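Peer 1: Here you go, upload_3.cif (mmCIF, C-alpha atoms and all ligand atoms):
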```cif
data_entry
#
loop_
_atom_site.group_PDB
_atom_site.id
_atom_site.type_symbol
_atom_site.label_atom_id
_atom_site.label_comp_id
_atom_site.auth_asym_id
_atom_site.auth_seq_id
_atom_site.Cartn_x
_atom_site.Cartn_y
_atom_site.Cartn_z
ATOM 1 C CA GLN A 853 12.468 20.502 -23.727
ATOM 2 C CA THR A 854 11.028 17.037 -23.402
ATOM 3 C CA GLY A 855 12.013 16.348 -19.777
ATOM 4 C CA LEU A 856 13.257 12.914 -20.801
ATOM 5 C CA LYS A 857 15.594 11.053 -18.483
ATOM 6 C CA THR A 858 16.665 8.399 -20.964
ATOM 7 C CA LYS A 859 19.940 7.777 -22.820
ATOM 8 C CA SER A 860 18.797 5.901 -25.890
ATOM 9 C CA ILE A 861 15.015 5.527 -25.998
ATOM 10 C CA GLY A 862 13.449 8.745 -27.222
ATOM 11 C CA ARG A 863 16.667 10.532 -28.118
ATOM 12 C CA GLU A 864 15.216 10.656 -31.585
ATOM 13 C CA ILE A 865 11.512 11.385 -31.565
ATOM 14 C CA GLU A 866 9.553 11.545 -34.789
ATOM 15 C CA TYR A 867 6.397 13.421 -33.864
ATOM 16 C CA VAL A 868 3.581 13.633 -36.380
ATOM 17 C CA GLU A 869 0.216 15.162 -35.669
ATOM 18 C CA SER A 870 -1.619 12.403 -37.495
ATOM 19 C CA CYS A 871 -0.816 9.336 -39.541
ATOM 20 C CA ALA A 872 -2.239 6.007 -40.666
ATOM 21 C CA SER A 873 -0.222 4.041 -38.100
ATOM 22 C CA THR A 874 2.975 4.762 -36.190
ATOM 23 C CA GLN A 875 3.952 1.141 -36.915
ATOM 24 C CA ILE A 876 4.070 1.873 -40.634
ATOM 25 C CA ILE A 877 6.271 4.953 -40.129
ATOM 26 C CA ALA A 878 8.540 3.110 -37.687
ATOM 27 C CA HIS A 879 8.996 0.158 -40.063
ATOM 28 C CA GLN A 880 10.012 2.560 -42.791
ATOM 29 C CA LEU A 881 12.401 4.521 -40.552
ATOM 30 C CA ALA A 882 13.947 1.273 -39.341
ATOM 31 C CA GLN A 883 14.529 0.178 -42.909
ATOM 32 C CA GLU A 884 16.206 3.511 -43.599
ATOM 33 C CA GLY A 885 18.583 2.880 -40.670
ATOM 34 C CA ALA A 886 16.965 4.810 -37.800
ATOM 35 C CA PRO A 887 18.970 4.269 -34.588
ATOM 36 C CA ASP A 888 18.077 2.116 -31.627
ATOM 37 C CA GLY A 889 15.606 3.920 -29.392
ATOM 38 C CA THR A 890 13.887 5.989 -32.086
ATOM 39 C CA VAL A 891 10.306 6.774 -31.092
ATOM 40 C CA VAL A 892 7.420 7.634 -33.410
ATOM 41 C CA LEU A 893 4.612 9.449 -31.616
ATOM 42 C CA THR A 894 1.292 10.736 -32.895
ATOM 43 C CA GLU A 895 -1.998 12.281 -31.764
ATOM 44 C CA THR A 896 -4.325 10.471 -34.135
ATOM 45 C CA GLN A 897 -4.118 7.332 -36.256
ATOM 46 C CA THR A 898 -6.503 6.668 -39.091
ATOM 47 C CA ALA A 899 -5.497 3.010 -39.397
ATOM 48 C CA GLY A 900 -4.150 2.041 -35.970
ATOM 49 C CA ARG A 901 -3.720 -1.708 -35.853
ATOM 50 C CA GLY A 902 -3.653 -4.533 -33.365
ATOM 51 C CA ARG A 903 -2.543 -8.127 -33.777
ATOM 52 C CA LEU A 904 -3.856 -10.156 -36.716
ATOM 53 C CA ALA A 905 -4.744 -6.953 -38.601
ATOM 54 C CA ARG A 906 -7.359 -5.961 -36.032
ATOM 55 C CA LYS A 907 -8.300 -2.335 -35.672
ATOM 56 C CA TRP A 908 -6.912 -0.146 -32.882
ATOM 57 C CA ASP A 909 -9.274 2.713 -32.016
ATOM 58 C CA SER A 910 -7.055 5.806 -31.823
ATOM 59 C CA ALA A 911 -9.217 8.761 -30.758
ATOM 60 C CA ALA A 912 -7.813 12.193 -31.436
ATOM 61 C CA ASN A 913 -5.569 13.909 -28.900
ATOM 62 C CA LYS A 914 -6.619 11.734 -26.010
ATOM 63 C CA GLY A 915 -4.232 8.844 -25.964
ATOM 64 C CA ALA A 916 -0.580 8.146 -26.620
ATOM 65 C CA TRP A 917 0.030 6.197 -29.809
ATOM 66 C CA MET A 918 3.652 5.337 -30.329
ATOM 67 C CA SER A 919 6.122 2.904 -31.845
ATOM 68 C CA ILE A 920 9.605 2.333 -30.484
ATOM 69 C CA ILE A 921 12.413 1.019 -32.673
ATOM 70 C CA LEU A 922 14.876 -1.217 -30.835
ATOM 71 C CA ARG A 923 17.932 -2.895 -32.269
ATOM 72 C CA PRO A 924 18.857 -5.414 -29.601
ATOM 73 C CA ASP A 925 21.609 -7.910 -30.200
ATOM 74 C CA VAL A 926 19.493 -10.915 -29.240
ATOM 75 C CA ALA A 927 18.297 -14.087 -30.967
ATOM 76 C CA PRO A 928 14.908 -13.923 -32.745
ATOM 77 C CA GLN A 929 13.346 -16.320 -30.219
ATOM 78 C CA LYS A 930 13.933 -13.657 -27.568
ATOM 79 C CA ALA A 931 11.652 -11.217 -29.377
ATOM 80 C CA PRO A 932 8.247 -12.189 -27.897
ATOM 81 C CA GLN A 933 9.412 -11.409 -24.353
ATOM 82 C CA PHE A 934 9.780 -7.766 -25.366
ATOM 83 C CA THR A 935 5.981 -7.610 -25.287
ATOM 84 C CA LEU A 936 6.038 -8.788 -21.664
ATOM 85 C CA VAL A 937 8.878 -6.425 -20.736
ATOM 86 C CA THR A 938 6.967 -3.551 -22.341
ATOM 87 C CA ALA A 939 3.874 -4.506 -20.354
ATOM 88 C CA VAL A 940 5.833 -4.161 -17.112
ATOM 89 C CA ALA A 941 7.107 -0.731 -18.207
ATOM 90 C CA VAL A 942 3.553 0.398 -19.019
ATOM 91 C CA VAL A 943 2.257 -0.762 -15.633
ATOM 92 C CA ARG A 944 5.060 1.025 -13.774
ATOM 93 C CA ALA A 945 4.473 4.268 -15.675
ATOM 94 C CA ILE A 946 0.706 4.204 -15.075
ATOM 95 C CA GLU A 947 1.279 3.473 -11.368
ATOM 96 C CA GLU A 948 3.820 6.254 -11.041
ATOM 97 C CA VAL A 949 1.805 8.944 -12.788
ATOM 98 C CA THR A 950 -1.754 8.083 -11.703
ATOM 99 C CA GLY A 951 -1.536 5.839 -8.639
ATOM 100 C CA LEU A 952 -3.825 3.365 -10.428
ATOM 101 C CA GLN A 953 -2.905 -0.325 -10.235
ATOM 102 C CA PRO A 954 -3.140 -1.941 -13.654
ATOM 103 C CA GLN A 955 -2.920 -5.638 -14.314
ATOM 104 C CA ILE A 956 -1.378 -7.518 -17.214
ATOM 105 C CA LYS A 957 -3.355 -10.038 -19.217
ATOM 106 C CA TRP A 958 -0.940 -12.256 -21.102
ATOM 107 C CA PRO A 959 0.466 -11.478 -23.534
ATOM 108 C CA ASN A 960 -0.228 -7.899 -24.544
ATOM 109 C CA ASP A 961 -3.136 -6.298 -22.687
ATOM 110 C CA ILE A 962 -3.010 -3.921 -19.748
ATOM 111 C CA LEU A 963 -6.257 -3.840 -17.800
ATOM 112 C CA LEU A 964 -7.873 -1.568 -15.238
ATOM 113 C CA ASN A 965 -10.872 -3.071 -13.480
ATOM 114 C CA GLY A 966 -10.971 -5.780 -16.119
ATOM 115 C CA LYS A 967 -11.079 -3.373 -19.083
ATOM 116 C CA LYS A 968 -8.314 -2.742 -21.558
ATOM 117 C CA CYS A 969 -6.435 0.554 -21.222
ATOM 118 C CA THR A 970 -3.350 -0.376 -23.243
ATOM 119 C CA GLY A 971 -2.440 -2.729 -26.067
ATOM 120 C CA ILE A 972 1.043 -3.698 -27.181
ATOM 121 C CA LEU A 973 2.081 -4.912 -30.624
ATOM 122 C CA THR A 974 5.622 -6.198 -31.157
ATOM 123 C CA GLU A 975 6.694 -6.621 -34.773
ATOM 124 C CA LEU A 976 9.985 -7.829 -36.136
ATOM 125 C CA GLN A 977 12.304 -6.948 -39.002
ATOM 126 C CA SER A 978 14.711 -9.806 -39.413
ATOM 127 C CA ASP A 979 16.924 -11.463 -42.009
ATOM 128 C CA ALA A 980 19.460 -14.283 -42.167
ATOM 129 C CA ASP A 981 21.707 -12.325 -39.765
ATOM 130 C CA GLY A 982 18.954 -12.185 -37.125
ATOM 131 C CA ILE A 983 16.887 -9.324 -35.765
ATOM 132 C CA GLN A 984 17.385 -6.073 -37.646
ATOM 133 C CA ALA A 985 14.807 -4.167 -35.646
ATOM 134 C CA LEU A 986 11.944 -4.622 -33.253
ATOM 135 C CA ILE A 987 9.031 -2.267 -33.690
ATOM 136 C CA ILE A 988 7.152 -2.074 -30.411
ATOM 137 C CA GLY A 989 3.769 -0.394 -30.760
ATOM 138 C CA ILE A 990 2.051 0.893 -27.650
ATOM 139 C CA GLY A 991 -1.470 2.273 -27.589
ATOM 140 C CA LEU A 992 -2.328 3.947 -24.288
ATOM 141 C CA ASN A 993 -5.850 5.189 -23.609
ATOM 142 C CA ILE A 994 -5.390 8.252 -21.440
ATOM 143 C CA ASN A 995 -8.065 10.946 -21.440
ATOM 144 C CA GLN A 996 -10.912 9.376 -23.393
ATOM 145 C CA GLU A 997 -14.485 9.328 -22.141
ATOM 146 C CA LYS A 998 -16.645 6.317 -22.907
ATOM 147 C CA ASP A 999 -18.224 8.073 -25.903
ATOM 148 C CA ASP A 1000 -14.826 8.724 -27.460
ATOM 149 C CA PHE A 1001 -14.424 5.020 -28.162
ATOM 150 C CA ASP A 1002 -15.925 3.275 -31.170
ATOM 151 C CA ALA A 1003 -19.195 1.551 -30.294
ATOM 152 C CA GLU A 1004 -17.679 -1.909 -30.726
ATOM 153 C CA VAL A 1005 -15.035 -1.380 -28.040
ATOM 154 C CA GLN A 1006 -16.987 0.772 -25.556
ATOM 155 C CA ASP A 1007 -17.736 -2.188 -23.296
ATOM 156 C CA ILE A 1008 -14.196 -3.564 -23.223
ATOM 157 C CA ALA A 1009 -12.056 -0.421 -23.312
ATOM 158 C CA THR A 1010 -11.234 2.091 -20.611
ATOM 159 C CA SER A 1011 -8.935 5.072 -20.151
ATOM 160 C CA LEU A 1012 -6.842 6.318 -17.253
ATOM 161 C CA LYS A 1013 -9.194 9.262 -16.869
ATOM 162 C CA MET A 1014 -12.264 7.034 -16.733
ATOM 163 C CA GLU A 1015 -10.664 4.999 -13.940
ATOM 164 C CA SER A 1016 -9.083 7.783 -11.895
ATOM 165 C CA GLY A 1017 -11.713 10.460 -12.458
ATOM 166 C CA GLU A 1018 -9.021 12.982 -13.402
ATOM 167 C CA ALA A 1019 -7.401 14.115 -16.612
ATOM 168 C CA VAL A 1020 -3.867 12.763 -16.877
ATOM 169 C CA ASN A 1021 -0.867 14.736 -18.153
ATOM 170 C CA ARG A 1022 -0.010 12.833 -21.329
ATOM 171 C CA GLN A 1023 3.519 14.181 -21.580
ATOM 172 C CA LYS A 1024 4.371 13.034 -18.065
ATOM 173 C CA LEU A 1025 3.015 9.610 -18.813
ATOM 174 C CA VAL A 1026 5.013 9.272 -22.035
ATOM 175 C CA GLN A 1027 8.210 10.435 -20.275
ATOM 176 C CA SER A 1028 7.691 7.934 -17.501
ATOM 177 C CA LEU A 1029 6.926 5.157 -19.978
ATOM 178 C CA LEU A 1030 10.077 5.806 -22.008
ATOM 179 C CA PHE A 1031 12.121 5.861 -18.803
ATOM 180 C CA TYR A 1032 10.814 2.445 -17.732
ATOM 181 C CA MET A 1033 11.115 1.092 -21.271
ATOM 182 C CA GLU A 1034 14.804 1.926 -21.266
ATOM 183 C CA LEU A 1035 15.336 0.526 -17.784
ATOM 184 C CA TYR A 1036 13.555 -2.772 -18.370
ATOM 185 C CA THR A 1037 14.582 -3.448 -21.956
ATOM 186 C CA HIS A 1038 18.226 -2.975 -20.956
ATOM 187 C CA MET A 1039 17.716 -5.199 -17.932
ATOM 188 C CA TYR A 1040 16.220 -7.856 -20.180
ATOM 189 C CA ILE A 1041 18.953 -7.633 -22.811
ATOM 190 C CA GLU A 1042 21.750 -7.700 -20.234
ATOM 191 C CA GLU A 1043 20.390 -10.065 -17.583
ATOM 192 C CA GLY A 1044 17.659 -12.082 -19.257
ATOM 193 C CA PHE A 1045 14.039 -12.494 -18.279
ATOM 194 C CA ALA A 1046 14.258 -14.229 -14.882
ATOM 195 C CA MET A 1047 14.088 -11.098 -12.675
ATOM 196 C CA LEU A 1048 11.569 -9.361 -14.886
ATOM 197 C CA LYS A 1049 9.415 -12.465 -14.851
ATOM 198 C CA ILE A 1050 8.958 -12.079 -11.097
ATOM 199 C CA LEU A 1051 7.835 -8.495 -11.596
ATOM 200 C CA TRP A 1052 5.621 -9.522 -14.521
ATOM 201 C CA GLU A 1053 3.955 -12.256 -12.465
ATOM 202 C CA SER A 1054 3.230 -9.851 -9.630
ATOM 203 C CA TYR A 1055 1.143 -7.769 -12.063
ATOM 204 C CA SER A 1056 -0.456 -10.631 -13.922
ATOM 205 C CA THR A 1057 -4.157 -11.350 -13.792
ATOM 206 C CA THR A 1058 -3.754 -14.505 -15.886
ATOM 207 C CA ILE A 1059 -1.521 -16.764 -13.822
ATOM 208 C CA GLY A 1060 -3.227 -19.302 -11.579
ATOM 209 C CA GLN A 1061 -6.574 -18.650 -13.256
ATOM 210 C CA PRO A 1062 -8.867 -20.772 -15.399
ATOM 211 C CA VAL A 1063 -8.697 -19.440 -18.945
ATOM 212 C CA ARG A 1064 -9.772 -20.093 -22.492
ATOM 213 C CA ALA A 1065 -6.989 -19.582 -25.031
ATOM 214 C CA ARG A 1066 -8.135 -18.934 -28.587
ATOM 215 C CA MET A 1067 -5.453 -19.585 -31.157
ATOM 216 C CA THR A 1068 -5.746 -19.360 -34.918
ATOM 217 C CA ASN A 1069 -6.216 -23.109 -35.330
ATOM 218 C CA GLN A 1070 -7.629 -24.262 -31.986
ATOM 219 C CA THR A 1071 -9.070 -23.268 -28.619
ATOM 220 C CA LEU A 1072 -7.890 -24.736 -25.312
ATOM 221 C CA GLU A 1073 -9.338 -24.419 -21.826
ATOM 222 C CA GLY A 1074 -7.467 -24.985 -18.611
ATOM 223 C CA ILE A 1075 -5.473 -23.381 -15.847
ATOM 224 C CA ALA A 1076 -2.775 -20.854 -16.770
ATOM 225 C CA GLU A 1077 -0.017 -22.203 -14.550
ATOM 226 C CA GLY A 1078 2.745 -19.776 -15.402
ATOM 227 C CA ILE A 1079 5.058 -18.487 -18.081
ATOM 228 C CA THR A 1080 8.449 -19.865 -18.987
ATOM 229 C CA ASP A 1081 11.620 -17.788 -19.121
ATOM 230 C CA ASP A 1082 10.854 -17.485 -22.838
ATOM 231 C CA GLY A 1083 7.474 -15.908 -22.131
ATOM 232 C CA VAL A 1084 5.534 -18.982 -23.237
ATOM 233 C CA LEU A 1085 2.231 -19.471 -21.384
ATOM 234 C CA GLN A 1086 1.899 -22.853 -19.668
ATOM 235 C CA LEU A 1087 -1.676 -24.038 -19.810
ATOM 236 C CA ARG A 1088 -2.811 -27.238 -18.087
ATOM 237 C CA THR A 1089 -5.917 -28.820 -19.593
ATOM 238 C CA ALA A 1090 -8.348 -31.049 -17.674
ATOM 239 C CA ASP A 1091 -6.623 -34.191 -19.003
ATOM 240 C CA GLY A 1092 -3.483 -33.118 -17.100
ATOM 241 C CA LYS A 1093 -1.468 -32.196 -20.179
ATOM 242 C CA LEU A 1094 0.680 -29.073 -20.101
ATOM 243 C CA HIS A 1095 0.542 -26.985 -23.283
ATOM 244 C CA GLY A 1096 3.028 -24.278 -24.241
ATOM 245 C CA ILE A 1097 1.178 -21.377 -25.839
ATOM 246 C CA TYR A 1098 3.139 -18.840 -27.858
ATOM 247 C CA SER A 1099 0.349 -16.562 -28.964
ATOM 248 C CA ALA A 1100 -3.381 -16.452 -28.271
ATOM 249 C CA ASP A 1101 -6.318 -14.402 -27.084
ATOM 250 C CA ILE A 1102 -7.065 -15.180 -23.476
ATOM 251 C CA GLU A 1103 -10.460 -15.085 -21.820
ATOM 252 C CA MET A 1104 -10.777 -15.553 -18.079
ATOM 253 C CA THR A 1105 -13.405 -18.253 -17.594
ATOM 254 C CA ASN A 1106 -14.145 -17.536 -13.928
ATOM 255 C CA GLU A 1107 -15.711 -14.116 -14.517
HETATM 256 C C1 LIG B 1201 -3.376 -4.851 -29.456
HETATM 257 O O1 LIG B 1201 -3.819 -5.782 -30.360
HETATM 258 O O2 LIG B 1201 -3.838 -4.691 -28.353
HETATM 259 C C2 LIG B 1201 -2.212 -3.995 -29.942
HETATM 260 C C3 LIG B 1201 -2.566 -2.553 -30.070
HETATM 261 C C4 LIG B 1201 -1.374 -1.694 -30.466
HETATM 262 C C5 LIG B 1201 -1.775 -0.297 -30.808
HETATM 263 C C6 LIG B 1201 -0.577 0.586 -31.027
HETATM 264 S S1 LIG B 1201 -0.990 2.284 -31.143
HETATM 265 C C7 LIG B 1201 0.585 2.691 -31.697
HETATM 266 C C8 LIG B 1201 0.995 1.563 -32.661
HETATM 267 N N1 LIG B 1201 0.534 1.861 -34.002
HETATM 268 C C9 LIG B 1201 -0.389 0.964 -34.409
HETATM 269 O O3 LIG B 1201 -0.970 0.984 -35.509
HETATM 270 N N2 LIG B 1201 -0.590 0.037 -33.452
HETATM 271 C C10 LIG B 1201 0.245 0.288 -32.288
HETATM 272 P P1 LIG B 1201 -4.883 -6.932 -30.057
HETATM 273 O O4 LIG B 1201 -4.466 -7.713 -28.877
HETATM 274 O O5 LIG B 1201 -5.068 -7.638 -31.341
HETATM 275 O O6 LIG B 1201 -6.179 -6.158 -29.638
HETATM 276 C C11 LIG B 1201 -6.991 -5.499 -30.590
HETATM 277 C C12 LIG B 1201 -8.399 -5.474 -30.010
HETATM 278 O O7 LIG B 1201 -8.456 -4.531 -28.918
HETATM 279 C C13 LIG B 1201 -9.439 -4.983 -30.995
HETATM 280 O O8 LIG B 1201 -9.915 -6.043 -31.758
HETATM 281 C C14 LIG B 1201 -10.511 -4.402 -30.067
HETATM 282 O O9 LIG B 1201 -11.326 -5.436 -29.543
HETATM 283 C C15 LIG B 1201 -9.716 -3.859 -28.916
HETATM 284 N N3 LIG B 1201 -9.447 -2.419 -29.043
HETATM 285 C C16 LIG B 1201 -9.307 -1.672 -30.177
HETATM 286 N N4 LIG B 1201 -9.021 -0.409 -29.887
HETATM 287 C C17 LIG B 1201 -8.970 -0.319 -28.541
HETATM 288 C C18 LIG B 1201 -8.706 0.736 -27.626
HETATM 289 N N5 LIG B 1201 -8.393 1.982 -28.023
HETATM 290 N N6 LIG B 1201 -8.732 0.449 -26.309
HETATM 291 C C19 LIG B 1201 -9.010 -0.794 -25.865
HETATM 292 N N7 LIG B 1201 -9.286 -1.827 -26.674
HETATM 293 C C20 LIG B 1201 -9.255 -1.598 -27.998
#
```
Here is a file; write its structure as structure tokens.

Peer 2:
Amino acid sequence: QTGLKTKSIGREIEYVESCASTQIIAHQLAQEGAPDGTVVLTETQTAGRGRLARKWDSAANKGAWMSIILRPDVAPQKAPQFTLVTAVAVVRAIEEVTGLQPQIKWPNDILLNGKKCTGILTELQSDADGIQALIIGIGLNINQEKDDFDAEVQDIATSLKMESGEAVNRQKLVQSLLFYMELYTHMYIEEGFAMLKILWESYSTTIGQPVRARMTNQTLEGIAEGITDDGVLQLRTADGKLHGIYSADIEMTNE
């Protein structure tokens, strides 16, 4: 009895007590034809990963580490917005279960009091026919204490328990997250990003702020003016030019 209220997401759940990375398992399952909505969930990852092959600290039994396989019938350029849609679902679930009020830092971080409690990693399987599968990885810090985190992330990471002062029921949080994932991904696929963008912006800590955007080949500083309906960050530099940024690490420069 999982208590799930969803129709597609989480109807198939592959639960493993530990693994290298749920992304690896999900990629393999997707290649073997796993249906839309399949979820891979684990307690511990030995090689949890972030973007650009960075490490994701996945402490035992205290978070929720999962990958969701989606098979949306959308063009590949609509894939990056799934990260933003997922961020909204994560915020709603955390609000509902804990009463905390997280913020979204474009594109893939969820923050509480300026520290990261969740990271999202959207990966793509595609071919000449378009998207075969999206593998959406979500790493939620739930019941960790500061000491549970690796030394190198202790100053930037937080958990729901650290912020609320109470242990959080992980199952409830996962159920709520899958519910909102289904709701918002369907809304996005059927109606596009415009409505969700309004919701996203209401949770965003990035928009309207001075930021530094580090990309692989350059760094730009300016004001984050907004995101487009494609999820592209609009950054205005001091020379007045507007830059469209597809992927970067953002630092707030007014802190
Ligand atoms: C992310 O990358 O934030 C995406 C993280 C996705 C993790 C999930 S867990 C389930 C699934 N299976 C996987 O193997 N991955 C996904 P990025 O924006 O590149 O941020 C990575 C950076 O976040 C690291 O370089 C650290 O600075 C920091 N970090 C690492 N572990 C953290 C943690 N547990 N909490 C907060 N920050 C962390």

Peer 1: List as a ChimeraX atom specification the protein and nucleic acid residues near range 1059-1068 of chain A, meaning an atom at most 7 Å away when only C-alpha atoms are counted, but skip any in the same chain fewer than 5 places from it.

Peer 2: /A:1073-1078,1099-1106

Peer 1: Within 7 Å of ligand LIG 1201 (chain B) (counting all atoms listed in the file), which residues show up? I'd like them as a ChimeraX atom specification.

Peer 2: /A:873-875,899-904,906-910,917-919,960-961,968-973,989-991,993,1001,1005,1008-1010

Peer 1: Deliver the residues from the most recent selection as a file, using C-alpha atoms, as an mmCIF file, in the coordinates of the input.

Peer 2:
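Result went into selection13.cif, see below:
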```cif
data_model
loop_
_atom_site.group_PDB
_atom_site.id
_atom_site.type_symbol
_atom_site.label_atom_id
_atom_site.label_comp_id
_atom_site.auth_asym_id
_atom_site.auth_seq_id
_atom_site.Cartn_x
_atom_site.Cartn_y
_atom_site.Cartn_z
ATOM 1 C CA SER A 873 -0.222 4.041 -38.100
ATOM 2 C CA THR A 874 2.975 4.762 -36.190
ATOM 3 C CA GLN A 875 3.952 1.141 -36.915
ATOM 4 C CA ALA A 899 -5.497 3.010 -39.397
ATOM 5 C CA GLY A 900 -4.150 2.041 -35.970
ATOM 6 C CA ARG A 901 -3.720 -1.708 -35.853
ATOM 7 C CA GLY A 902 -3.653 -4.533 -33.365
ATOM 8 C CA ARG A 903 -2.543 -8.127 -33.777
ATOM 9 C CA LEU A 904 -3.856 -10.156 -36.716
ATOM 10 C CA ARG A 906 -7.359 -5.961 -36.032
ATOM 11 C CA LYS A 907 -8.300 -2.335 -35.672
ATOM 12 C CA TRP A 908 -6.912 -0.146 -32.882
ATOM 13 C CA ASP A 909 -9.274 2.713 -32.016
ATOM 14 C CA SER A 910 -7.055 5.806 -31.823
ATOM 15 C CA TRP A 917 0.030 6.197 -29.809
ATOM 16 C CA MET A 918 3.652 5.337 -30.329
ATOM 17 C CA SER A 919 6.122 2.904 -31.845
ATOM 18 C CA ASN A 960 -0.228 -7.899 -24.544
ATOM 19 C CA ASP A 961 -3.136 -6.298 -22.687
ATOM 20 C CA LYS A 968 -8.314 -2.742 -21.558
ATOM 21 C CA CYS A 969 -6.435 0.554 -21.222
ATOM 22 C CA THR A 970 -3.350 -0.376 -23.243
ATOM 23 C CA GLY A 971 -2.440 -2.729 -26.067
ATOM 24 C CA ILE A 972 1.043 -3.698 -27.181
ATOM 25 C CA LEU A 973 2.081 -4.912 -30.624
ATOM 26 C CA GLY A 989 3.769 -0.394 -30.760
ATOM 27 C CA ILE A 990 2.051 0.893 -27.650
ATOM 28 C CA GLY A 991 -1.470 2.273 -27.589
ATOM 29 C CA ASN A 993 -5.850 5.189 -23.609
ATOM 30 C CA PHE A 1001 -14.424 5.020 -28.162
ATOM 31 C CA VAL A 1005 -15.035 -1.380 -28.040
ATOM 32 C CA ILE A 1008 -14.196 -3.564 -23.223
ATOM 33 C CA ALA A 1009 -12.056 -0.421 -23.312
ATOM 34 C CA THR A 1010 -11.234 2.091 -20.611
#
```

Peer 1: Tell me which residues the PyMOL selection byres (((chain A and resi 1024-1038) around 10) and not hetatm) grabs here, as number ranges by chain.

Peer 2: A: 854-862, 889, 891, 893, 916-918, 920, 922, 924, 933-934, 937-950, 992, 994, 1020-1023, 1039-1045, 1048

Peer 1: Quick one: everything within 9 Å of Leu986 in chain A, counting all atoms listed in the file, minus sequence neighbours fewer than 3 positions away in the same chain. Send it as a PDB file with C-alpha atoms, keeping the file's coordinate frame.

Peer 2:
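File result-v3.pdb, as written:
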```pdb
ATOM      1  CA  HIS A 879       8.996   0.158 -40.063  1.00  0.00           C
ATOM      2  CA  ALA A 882      13.947   1.273 -39.341  1.00  0.00           C
ATOM      3  CA  ILE A 920       9.605   2.333 -30.484  1.00  0.00           C
ATOM      4  CA  ILE A 921      12.413   1.019 -32.673  1.00  0.00           C
ATOM      5  CA  LEU A 922      14.876  -1.217 -30.835  1.00  0.00           C
ATOM      6  CA  ARG A 923      17.932  -2.895 -32.269  1.00  0.00           C
ATOM      7  CA  PRO A 924      18.857  -5.414 -29.601  1.00  0.00           C
ATOM      8  CA  ALA A 931      11.652 -11.217 -29.377  1.00  0.00           C
ATOM      9  CA  PHE A 934       9.780  -7.766 -25.366  1.00  0.00           C
ATOM     10  CA  THR A 974       5.622  -6.198 -31.157  1.00  0.00           C
ATOM     11  CA  GLU A 975       6.694  -6.621 -34.773  1.00  0.00           C
ATOM     12  CA  LEU A 976       9.985  -7.829 -36.136  1.00  0.00           C
ATOM     13  CA  GLN A 977      12.304  -6.948 -39.002  1.00  0.00           C
ATOM     14  CA  SER A 978      14.711  -9.806 -39.413  1.00  0.00           C
ATOM     15  CA  ILE A 983      16.887  -9.324 -35.765  1.00  0.00           C
TER      16      ILE A 983
END
```

Peer 1: Residues near Gln883 in chain A, anyone? I mean within 10 Å using all atoms listed in the file, not counting same-chain ones fewer than 6 positions away, as a list in words.

Peer 2: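 Residues near the query, excluding close chain neighbours: Ile877, Gln977, Gln984 and Ala985 of chain A.
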
Peer 1: Padding of 8 Å on every side, edges along x, y and z, all listed atoms of range 1044-1052 of chain A included: what centre and edge lengths in Å, to one decimal, does that box have, as JSON?

Peer 2:
```
{"center_x": 11.6, "center_y": -11.4, "center_z": -15.2, "size_x": 28.0, "size_y": 21.7, "size_z": 24.2}
```

Peer 1: Under the rule that all atoms listed in the file are counted, which of A:Tyr1055, A:Gly982, A:Ile962, A:Leu1072 is the nearest residue to Ala1090 in chain A?

Peer 2: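 With all atoms listed in the file as the atom set, the closest residue is A:Leu1072.
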
Peer 1: Kindly indicate which residue among A:Gly915, A:Gly1017, A:Pro887, A:Pro932 lies nearest to Trp958 in chain A, using only C-alpha atoms for the distances.

Peer 2: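 Using only C-alpha atoms, Trp958 in chain A sits closest to A:Pro932.
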
Peer 1: From the set A:Leu936, A:Asp1007, A:Leu952, A:Asp1002, which residue has the shortest atom-to-atom contact distance to Lys1049 in chain A, counting all atoms listed in the file?

Peer 2: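 Closest to Lys1049 in chain A of all the choices is A:Leu936.
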
Peer 1: Go through A:Val892, A:Ile865, A:Leu1085, A:Ile956 one by one, measure the shortest atom-to-atom distance of each to Leu1051 in chain A using only C-alpha atoms, and give the residue with the smallest value.

Peer 2: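 So, comparing all the options, the nearest one is A:Ile956.
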
Peer 1: Enter the distance from CA of Ile876 in chain A to CA of Pro928 in chain A, in Å, rounded to one decimal.

Peer 2: 20.7 Å

Peer 1: For Ile988 in chain A, which of A:Thr890, A:Thr896, A:Asn1069, A:Gln953 is the closest residue, counting only C-alpha atoms?

Peer 2: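 Ranked by minimum distance to Ile988 in chain A, first place goes to A:Thr890.
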